[in-house]
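Source file coords01.cif; content: mmCIF, C-alpha atoms, pLDDT in the B column; chains and numbers go by the auth columns.
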```cif
data_target
#
loop_
_atom_site.group_PDB
_atom_site.id
_atom_site.type_symbol
_atom_site.label_atom_id
_atom_site.label_comp_id
_atom_site.label_asym_id
_atom_site.label_seq_id
_atom_site.Cartn_x
_atom_site.Cartn_y
_atom_site.Cartn_z
_atom_site.B_iso_or_equiv
_atom_site.auth_seq_id
_atom_site.auth_asym_id
ATOM 1 C CA MET A 1 98.660 121.199 97.708 58.00 287 A
ATOM 2 C CA THR A 2 101.887 122.985 96.777 82.00 288 A
ATOM 3 C CA ILE A 3 104.809 122.440 99.144 95.00 289 A
ATOM 4 C CA ASP A 4 106.672 125.487 100.460 97.00 290 A
ATOM 5 C CA PHE A 5 110.351 125.034 99.652 97.00 291 A
ATOM 6 C CA TYR A 6 112.902 127.253 101.376 97.00 292 A
ATOM 7 C CA PHE A 7 116.090 127.173 99.361 97.00 293 A
ATOM 8 C CA PHE A 8 119.222 128.868 98.071 96.00 294 A
ATOM 9 C CA PRO A 9 119.824 128.110 94.363 95.00 295 A
ATOM 10 C CA ILE A 10 123.543 127.332 94.495 95.00 296 A
ATOM 11 C CA SER A 11 123.295 125.028 97.515 96.00 297 A
ATOM 12 C CA PRO A 12 124.088 121.402 96.547 97.00 298 A
ATOM 13 C CA PRO A 13 121.519 119.954 99.001 97.00 299 A
ATOM 14 C CA CYS A 14 118.864 122.299 97.602 97.00 300 A
ATOM 15 C CA ARG A 15 119.760 121.270 94.069 98.00 301 A
ATOM 16 C CA THR A 16 119.327 117.629 95.043 98.00 302 A
ATOM 17 C CA VAL A 17 115.791 118.242 96.289 98.00 303 A
ATOM 18 C CA MET A 18 114.863 120.355 93.262 98.00 304 A
ATOM 19 C CA MET A 19 115.963 117.684 90.784 98.00 305 A
ATOM 20 C CA LEU A 20 114.157 114.935 92.659 98.00 306 A
ATOM 21 C CA ALA A 21 110.973 117.011 92.891 97.00 307 A
ATOM 22 C CA LYS A 22 111.080 117.481 89.137 97.00 308 A
ATOM 23 C CA ALA A 23 111.525 113.732 88.673 97.00 309 A
ATOM 24 C CA LEU A 24 108.486 113.084 90.870 97.00 310 A
ATOM 25 C CA GLY A 25 106.355 115.827 89.332 96.00 311 A
ATOM 26 C CA ILE A 26 106.097 117.730 92.623 96.00 312 A
ATOM 27 C CA HIS A 27 105.372 121.442 92.449 94.00 313 A
ATOM 28 C CA PHE A 28 107.096 123.709 94.950 96.00 314 A
ATOM 29 C CA ASN A 29 106.303 127.196 96.129 96.00 315 A
ATOM 30 C CA TYR A 30 109.896 128.445 95.990 97.00 316 A
ATOM 31 C CA ILE A 31 110.959 130.756 98.823 96.00 317 A
ATOM 32 C CA LYS A 32 114.537 131.949 98.492 96.00 318 A
ATOM 33 C CA VAL A 33 116.588 132.225 101.672 95.00 319 A
ATOM 34 C CA CYS A 34 120.012 133.835 101.262 92.00 320 A
ATOM 35 C CA PRO A 35 122.480 132.876 104.020 89.00 321 A
ATOM 36 C CA MET A 36 124.933 135.556 102.879 85.00 322 A
ATOM 37 C CA LYS A 37 122.324 138.175 103.794 90.00 323 A
ATOM 38 C CA GLY A 38 121.531 136.468 107.093 90.00 324 A
ATOM 39 C CA GLU A 39 118.009 135.566 105.986 89.00 325 A
ATOM 40 C CA HIS A 40 118.357 132.087 107.512 92.00 326 A
ATOM 41 C CA MET A 41 118.652 133.735 110.947 92.00 327 A
ATOM 42 C CA LYS A 42 115.478 135.795 110.744 93.00 328 A
ATOM 43 C CA PRO A 43 112.988 135.065 113.559 92.00 329 A
ATOM 44 C CA GLU A 44 110.296 133.820 111.183 92.00 330 A
ATOM 45 C CA PHE A 45 112.654 131.269 109.652 91.00 331 A
ATOM 46 C CA LEU A 46 114.100 130.209 113.010 92.00 332 A
ATOM 47 C CA LYS A 47 110.554 129.586 114.213 92.00 333 A
ATOM 48 C CA LEU A 48 110.041 127.299 111.234 91.00 334 A
ATOM 49 C CA ASN A 49 113.445 125.624 111.464 91.00 335 A
ATOM 50 C CA PRO A 50 115.522 126.223 114.626 93.00 336 A
ATOM 51 C CA GLN A 51 118.501 124.614 112.883 92.00 337 A
ATOM 52 C CA HIS A 52 118.353 127.564 110.420 92.00 338 A
ATOM 53 C CA THR A 53 119.412 125.287 107.558 93.00 339 A
ATOM 54 C CA ILE A 54 118.337 125.014 103.964 95.00 340 A
ATOM 55 C CA PRO A 55 116.668 123.290 102.290 97.00 341 A
ATOM 56 C CA THR A 56 113.551 123.228 104.426 97.00 342 A
ATOM 57 C CA ILE A 57 110.072 122.197 103.333 97.00 343 A
ATOM 58 C CA ASN A 58 106.649 122.904 104.760 96.00 344 A
ATOM 59 C CA ASP A 59 104.239 120.272 103.507 95.00 345 A
ATOM 60 C CA ASN A 60 100.865 121.367 104.839 92.00 346 A
ATOM 61 C CA GLY A 61 102.286 122.019 108.305 92.00 347 A
ATOM 62 C CA LEU A 62 104.776 119.144 108.307 93.00 348 A
ATOM 63 C CA ILE A 63 108.232 120.709 108.537 95.00 349 A
ATOM 64 C CA PHE A 64 111.295 118.894 107.236 91.00 350 A
ATOM 65 C CA CYS A 65 114.905 119.953 106.957 93.00 351 A
ATOM 66 C CA GLU A 66 118.060 118.013 105.963 95.00 352 A
ATOM 67 C CA SER A 67 118.030 117.289 102.235 97.00 353 A
ATOM 68 C CA ARG A 68 118.577 113.548 102.510 97.00 354 A
ATOM 69 C CA ALA A 69 115.644 113.182 104.898 96.00 355 A
ATOM 70 C CA ILE A 70 113.552 115.356 102.583 98.00 356 A
ATOM 71 C CA ILE A 71 114.203 113.288 99.462 98.00 357 A
ATOM 72 C CA GLY A 72 113.404 110.068 101.285 98.00 358 A
ATOM 73 C CA TYR A 73 110.159 111.566 102.543 97.00 359 A
ATOM 74 C CA LEU A 74 109.170 112.871 99.118 97.00 360 A
ATOM 75 C CA VAL A 75 109.581 109.459 97.510 98.00 361 A
ATOM 76 C CA ASN A 76 107.736 107.690 100.327 97.00 362 A
ATOM 77 C CA ARG A 77 104.918 110.233 100.260 96.00 363 A
ATOM 78 C CA TYR A 78 104.509 111.155 96.594 96.00 364 A
ATOM 79 C CA ALA A 79 106.240 108.698 94.249 96.00 365 A
ATOM 80 C CA LYS A 80 104.108 106.320 92.203 95.00 366 A
ATOM 81 C CA ASN A 81 106.374 103.444 93.242 96.00 367 A
ATOM 82 C CA ASP A 82 109.396 102.835 95.429 96.00 368 A
ATOM 83 C CA ALA A 83 111.927 102.437 92.603 97.00 369 A
ATOM 84 C CA LEU A 84 114.031 105.411 93.735 98.00 370 A
ATOM 85 C CA TYR A 85 113.957 104.380 97.398 98.00 371 A
ATOM 86 C CA PRO A 86 112.970 100.707 97.736 97.00 372 A
ATOM 87 C CA LYS A 87 111.238 99.465 100.853 96.00 373 A
ATOM 88 C CA ASP A 88 113.271 96.241 100.744 96.00 374 A
ATOM 89 C CA PRO A 89 115.453 96.438 103.896 97.00 375 A
ATOM 90 C CA GLN A 90 118.665 95.373 102.184 97.00 376 A
ATOM 91 C CA LYS A 91 118.333 97.743 99.224 97.00 377 A
ATOM 92 C CA LYS A 92 117.173 100.575 101.466 97.00 378 A
ATOM 93 C CA GLY A 93 120.071 99.954 103.840 98.00 379 A
ATOM 94 C CA ILE A 94 122.633 100.281 101.052 98.00 380 A
ATOM 95 C CA ILE A 95 121.011 103.506 99.838 98.00 381 A
ATOM 96 C CA ASP A 96 120.997 104.909 103.375 98.00 382 A
ATOM 97 C CA GLN A 97 124.674 104.023 103.778 98.00 383 A
ATOM 98 C CA ARG A 98 125.526 105.878 100.578 98.00 384 A
ATOM 99 C CA LEU A 99 123.533 108.896 101.764 98.00 385 A
ATOM 100 C CA TYR A 100 125.447 108.900 105.054 98.00 386 A
ATOM 101 C CA PHE A 101 128.685 108.580 103.088 98.00 387 A
ATOM 102 C CA ASP A 102 127.659 111.643 101.117 98.00 388 A
ATOM 103 C CA VAL A 103 126.743 113.879 104.039 97.00 389 A
ATOM 104 C CA GLY A 104 129.482 112.654 106.372 97.00 390 A
ATOM 105 C CA THR A 105 132.324 112.363 103.881 98.00 391 A
ATOM 106 C CA LEU A 106 131.878 113.734 100.348 98.00 392 A
ATOM 107 C CA TYR A 107 129.825 116.827 101.121 97.00 393 A
ATOM 108 C CA ASP A 108 131.739 117.442 104.331 97.00 394 A
ATOM 109 C CA LEU A 109 135.011 117.460 102.409 98.00 395 A
ATOM 110 C CA PHE A 110 133.528 119.655 99.686 98.00 396 A
ATOM 111 C CA TYR A 111 132.655 122.109 102.434 97.00 397 A
ATOM 112 C CA LYS A 112 136.150 121.979 103.942 97.00 398 A
ATOM 113 C CA CYS A 113 138.118 122.019 100.686 97.00 399 A
ATOM 114 C CA TYR A 114 136.055 124.403 98.569 97.00 400 A
ATOM 115 C CA LEU A 115 133.036 126.034 100.173 95.00 401 A
ATOM 116 C CA LEU A 116 134.936 127.663 103.041 94.00 402 A
ATOM 117 C CA VAL A 117 137.294 129.199 100.484 94.00 403 A
ATOM 118 C CA ALA A 118 134.425 130.218 98.191 92.00 404 A
ATOM 119 C CA PHE A 119 132.816 132.241 100.962 89.00 405 A
ATOM 120 C CA GLY A 120 136.075 133.683 102.243 88.00 406 A
ATOM 121 C CA ALA A 121 136.262 131.784 105.535 87.00 407 A
ATOM 122 C CA GLN A 122 139.732 130.455 104.718 90.00 408 A
ATOM 123 C CA THR A 123 142.307 131.065 102.006 89.00 409 A
ATOM 124 C CA GLU A 124 143.034 127.464 101.056 92.00 410 A
ATOM 125 C CA ALA A 125 142.158 123.904 101.982 94.00 411 A
ATOM 126 C CA ALA A 126 144.184 122.000 104.547 94.00 412 A
ATOM 127 C CA GLU A 127 146.363 119.354 102.935 96.00 413 A
ATOM 128 C CA GLU A 128 144.883 116.659 105.173 97.00 414 A
ATOM 129 C CA ASP A 129 141.412 117.488 103.844 97.00 415 A
ATOM 130 C CA VAL A 130 142.655 117.385 100.242 97.00 416 A
ATOM 131 C CA GLN A 131 144.116 113.936 100.831 98.00 417 A
ATOM 132 C CA ALA A 132 140.929 112.816 102.578 98.00 418 A
ATOM 133 C CA LEU A 133 138.935 113.925 99.528 98.00 419 A
ATOM 134 C CA LYS A 134 141.106 111.759 97.276 98.00 420 A
ATOM 135 C CA ARG A 135 140.528 108.791 99.567 98.00 421 A
ATOM 136 C CA ALA A 136 136.790 109.468 99.491 98.00 422 A
ATOM 137 C CA PHE A 137 136.790 109.234 95.712 98.00 423 A
ATOM 138 C CA GLU A 138 138.749 105.997 95.932 98.00 424 A
ATOM 139 C CA THR A 139 135.954 104.658 98.124 98.00 425 A
ATOM 140 C CA LEU A 140 133.254 105.905 95.754 98.00 426 A
ATOM 141 C CA ASN A 141 135.139 104.251 92.915 98.00 427 A
ATOM 142 C CA ILE A 142 134.916 100.938 94.784 98.00 428 A
ATOM 143 C CA PHE A 143 131.191 101.423 95.416 97.00 429 A
ATOM 144 C CA LEU A 144 130.754 101.777 91.655 98.00 430 A
ATOM 145 C CA GLN A 145 132.774 98.702 90.774 96.00 431 A
ATOM 146 C CA ASP A 146 130.447 96.440 88.780 93.00 432 A
ATOM 147 C CA ASN A 147 127.562 98.834 89.504 96.00 433 A
ATOM 148 C CA ASP A 148 125.982 101.400 87.191 97.00 434 A
ATOM 149 C CA TYR A 149 124.789 103.475 90.139 98.00 435 A
ATOM 150 C CA VAL A 150 126.095 104.263 93.592 98.00 436 A
ATOM 151 C CA ALA A 151 123.772 101.858 95.405 97.00 437 A
ATOM 152 C CA GLY A 152 123.592 99.067 92.833 96.00 438 A
ATOM 153 C CA THR A 153 122.128 98.451 89.408 96.00 439 A
ATOM 154 C CA ASP A 154 119.370 101.065 89.524 97.00 440 A
ATOM 155 C CA LEU A 155 119.115 104.838 89.881 98.00 441 A
ATOM 156 C CA THR A 156 118.103 105.854 93.418 98.00 442 A
ATOM 157 C CA ILE A 157 117.904 108.930 95.609 98.00 443 A
ATOM 158 C CA ALA A 158 121.522 108.251 96.562 98.00 444 A
ATOM 159 C CA ASP A 159 122.561 109.185 93.023 98.00 445 A
ATOM 160 C CA PHE A 160 120.539 112.411 93.178 98.00 446 A
ATOM 161 C CA SER A 161 122.350 113.365 96.369 98.00 447 A
ATOM 162 C CA ILE A 162 125.879 112.280 95.565 98.00 448 A
ATOM 163 C CA ILE A 163 125.934 113.746 92.075 98.00 449 A
ATOM 164 C CA THR A 164 125.330 117.268 93.385 98.00 450 A
ATOM 165 C CA SER A 165 128.289 116.885 95.742 98.00 451 A
ATOM 166 C CA VAL A 166 130.492 115.408 93.024 98.00 452 A
ATOM 167 C CA SER A 167 129.519 117.965 90.376 98.00 453 A
ATOM 168 C CA SER A 168 130.264 120.798 92.797 98.00 454 A
ATOM 169 C CA ILE A 169 133.687 119.306 93.520 98.00 455 A
ATOM 170 C CA VAL A 170 134.375 118.753 89.818 98.00 456 A
ATOM 171 C CA GLU A 171 133.400 122.311 88.852 97.00 457 A
ATOM 172 C CA CYS A 172 135.788 123.633 91.496 97.00 458 A
ATOM 173 C CA GLY A 173 138.631 121.858 89.694 96.00 459 A
ATOM 174 C CA PHE A 174 138.933 118.359 91.135 97.00 460 A
ATOM 175 C CA ASP A 175 139.856 115.866 88.399 97.00 461 A
ATOM 176 C CA ILE A 176 137.854 112.629 88.582 98.00 462 A
ATOM 177 C CA GLY A 177 139.595 111.211 85.511 96.00 463 A
ATOM 178 C CA ALA A 178 141.753 108.960 87.666 95.00 464 A
ATOM 179 C CA TYR A 179 138.649 107.272 89.084 98.00 465 A
ATOM 180 C CA GLU A 180 137.310 105.383 86.086 98.00 466 A
ATOM 181 C CA ASN A 181 134.155 104.045 87.686 98.00 467 A
ATOM 182 C CA VAL A 182 133.254 107.446 89.118 98.00 468 A
ATOM 183 C CA ASN A 183 133.931 109.151 85.808 98.00 469 A
ATOM 184 C CA ASP A 184 131.739 106.695 83.889 98.00 470 A
ATOM 185 C CA TRP A 185 128.952 107.001 86.462 98.00 471 A
ATOM 186 C CA TYR A 186 129.134 110.791 86.378 98.00 472 A
ATOM 187 C CA GLU A 187 128.646 110.871 82.617 97.00 473 A
ATOM 188 C CA ARG A 188 125.918 108.197 82.699 97.00 474 A
ATOM 189 C CA CYS A 189 124.018 109.721 85.591 97.00 475 A
ATOM 190 C CA GLY A 190 124.294 113.236 84.212 96.00 476 A
ATOM 191 C CA LYS A 191 122.652 112.176 80.959 97.00 477 A
ATOM 192 C CA ILE A 192 119.812 110.413 82.766 97.00 478 A
ATOM 193 C CA LEU A 193 119.211 113.363 85.088 98.00 479 A
ATOM 194 C CA GLU A 194 119.323 115.946 82.309 98.00 480 A
ATOM 195 C CA LYS A 195 115.522 115.888 81.962 97.00 481 A
ATOM 196 C CA TYR A 196 115.281 116.636 85.675 98.00 482 A
ATOM 197 C CA GLY A 197 117.501 119.723 85.535 97.00 483 A
ATOM 198 C CA PHE A 198 121.039 118.388 85.736 98.00 484 A
ATOM 199 C CA GLU A 199 122.293 121.297 83.644 97.00 485 A
ATOM 200 C CA ASP A 200 119.850 124.090 84.502 96.00 486 A
ATOM 201 C CA ILE A 201 119.406 123.361 88.189 97.00 487 A
ATOM 202 C CA ASN A 202 122.538 121.513 89.188 97.00 488 A
ATOM 203 C CA LEU A 203 125.486 122.526 87.034 97.00 489 A
ATOM 204 C CA ASN A 204 124.533 126.186 86.913 97.00 490 A
ATOM 205 C CA GLY A 205 124.559 126.268 90.709 96.00 491 A
ATOM 206 C CA ALA A 206 127.813 124.326 90.911 97.00 492 A
ATOM 207 C CA ARG A 207 129.477 126.723 88.479 97.00 493 A
ATOM 208 C CA LEU A 208 128.458 129.747 90.525 96.00 494 A
ATOM 209 C CA ILE A 209 130.120 128.219 93.589 96.00 495 A
ATOM 210 C CA ALA A 210 133.177 127.417 91.470 96.00 496 A
ATOM 211 C CA GLU A 211 133.378 131.042 90.317 95.00 497 A
ATOM 212 C CA LEU A 212 133.375 132.219 93.927 93.00 498 A
ATOM 213 C CA TYR A 213 135.985 129.621 94.865 94.00 499 A
ATOM 214 C CA LYS A 214 138.308 130.467 91.979 92.00 500 A
ATOM 215 C CA SER A 215 137.964 134.208 92.553 91.00 501 A
ATOM 216 C CA HIS A 216 139.176 133.795 96.134 82.00 502 A
ATOM 217 C CA CYS A 217 142.009 131.518 95.001 83.00 503 A
ATOM 218 C CA GLU A 218 143.234 134.268 92.681 59.00 504 A
ATOM 219 C CA GLU A 219 143.317 136.927 95.394 58.00 505 A
#
```
If you convert what's in this file into structure tokens, what do you get?
Amino acid sequence: MTIDFYFFPISPPCRTVMMLAKALGIHFNYIKVCPMKGEHMKPEFLKLNPQHTIPTINDNGLIFCESRAIIGYLVNRYAKNDALYPKDPQKKGIIDQRLYFDVGTLYDLFYKCYLLVAFGAQTEAAEEDVQALKRAFETLNIFLQDNDYVAGTDLTIADFSIITSVSSIVECGFDIGAYENVNDWYERCGKILEKYGFEDINLNGARLIAELYKSHCEE
């Protein structure tokens, strides 16, 4: 059965889910929800998801929101094996930690430094948030020391999630060249994810956000 997928194309969390679904061969019934038009606050969507967040999925009556919970569920439910999200407690724990690092640090700082400006909520990022973003990339650089991927030697759902945050930050103008491990991972991971829509799904969305951000910076 096709899964209903409520999404907004430029949203990094939505892009994460779309790339993973393509990797797993899952077919979505795409239902666009535009926050800028207030569509996420319509009664029918609030009834489905009282948090009024995207992405949201409806898998035969099972409702899920929060992208990182969704991608874990999709692997557990539909993947042919657990390679992208191992059941081994130690490996799974590291992946979960990286996912929490993404949502609580990287994506949060992307929101504060770039997304609020892109949508006109503020004119520029606070200096403390800019410095925090640099420290976050220092941490990510350490995670990638001696590792090809963010949670170890193998590609996992943590890479799918973190790369959408990082690519959005990069397209908005942040230079990752000073973080050698991050830079190498970004190039490596981007090539591997190309067949799952890294360019068409992910970078196109990131560039649209970057255009909004840069247009507000020029005002």
Name the closest residue to Leu489 of chain A among the candidates A:Asp445, A:Leu402, A:Arg301, A:Ile357; distances are taken between atoms, counting all atoms listed in the file. A:Arg301
Selection dump of the PyMOL selection byres ((chain A and resi 304) around 9), as an NGL selection string: :A and (299-303 or 305-309 or 314 or 482-483 or 487-488)
Between atom CA of Thr391 of chain A and atom CA of Ile349 of chain A lies a distance of 25.9 Å
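One finds atom CA of Ala407 of chain A at 29.5 Å from atom CA of Ala464 of chain A.
If you count only C-alpha atoms and ignore residues fewer than 4 places along the chain from segment 358-374 of chain A, what sits within 10 Å of it is A:Val303, A:Leu306, A:Ala307, A:Ala309, A:Leu310, A:Gly311, A:Ile312, A:Asp345, A:Phe350, A:Ser353, A:Arg354, A:Lys378, A:Gly379, A:Ile381, A:Asp382, A:Asp440, A:Leu441, A:Thr442, A:Ile443, A:Ala444, A:Asp445, A:Phe446.
For the pair atom CA of Asn335 of chain A and atom CA of Ala404 of chain A, the interatomic distance is 25.2 Å.
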Please evaluate the PyMOL selection byres ((chain A and resi 346) around 9) against the structure above and give the resulting residues as number ranges by chain. A: 287-290, 344-345, 347-349
Could you tell me which residues the PyMOL selection byres ((chain A and resi 388) around 10) grabs in this file, written as a PyMOL selection string? chain A and resi 354+382-387+389-395+422+426+444-445+447-452
Could you name the residues that touch Thr342 of chain A at 7 Å or less, counting all atoms listed in the file, but leaving out those on the same chain fewer than 5 positions away, as a list in words? Phe291, Tyr292, Phe293, Phe350 and Cys351 of chain A
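Using all atoms listed in the file, the shortest contact distance between Tyr400 of chain A and any of A:Leu419, A:Cys458, A:Leu332, A:Leu479 is found at A:Cys458.
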In terms of the shortest atom-to-atom distance over all atoms listed in the file, which of A:Ile428, A:Cys399, A:Ile317, A:Ile380 is closest to Ala411 of chain A? A:Cys399
The centre and edge lengths of an axis-aligned box containing all atoms of segment 433-449 of chain A present in the file, extended by 8 Å on each side, are to be given in Å to one decimal, as lines of an AutoDock Vina configuration file.
```
center_x = 122.7
center_y = 106.1
center_z = 91.9
size_x = 25.7
size_y = 31.3
size_z = 25.4
```
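Among the candidates A:Pro375, A:Pro329, A:Gly463, A:Pro295, the one nearest to Tyr316 of chain A when counting only C-alpha atoms is A:Pro295.
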Give me the residues within 12 Å of Asn469 of chain A as a tab-separated table (two decimals) with C-alpha atoms, in the coordinates of the input, counting all atoms listed in the file and dropping any in the same chain fewer than 5 places off.
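Below is the file that was written, part13.tsv:
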```
chain	number	residue	atom	x	y	z
A	423	PHE	CA	136.79	109.23	95.71
A	424	GLU	CA	138.75	106.00	95.93
A	426	LEU	CA	133.25	105.90	95.75
A	427	ASN	CA	135.14	104.25	92.92
A	430	LEU	CA	130.75	101.78	91.66
A	431	GLN	CA	132.77	98.70	90.77
A	434	ASP	CA	125.98	101.40	87.19
A	435	TYR	CA	124.79	103.48	90.14
A	449	ILE	CA	125.93	113.75	92.08
A	452	VAL	CA	130.49	115.41	93.02
A	453	SER	CA	129.52	117.96	90.38
A	456	VAL	CA	134.38	118.75	89.82
A	460	PHE	CA	138.93	118.36	91.14
A	461	ASP	CA	139.86	115.87	88.40
A	462	ILE	CA	137.85	112.63	88.58
A	463	GLY	CA	139.60	111.21	85.51
A	464	ALA	CA	141.75	108.96	87.67
A	474	ARG	CA	125.92	108.20	82.70
A	475	CYS	CA	124.02	109.72	85.59
A	476	GLY	CA	124.29	113.24	84.21
```
Between A:Trp471, A:Phe294, A:Phe331, A:Phe396, which one has atoms that come closest to Lys420 of chain A, using all atoms listed in the file? A:Phe396
Between A:Glu352, A:His338, A:Ala496, A:Pro298, which one has atoms that come closest to Val319 of chain A, using only C-alpha atoms? A:His338
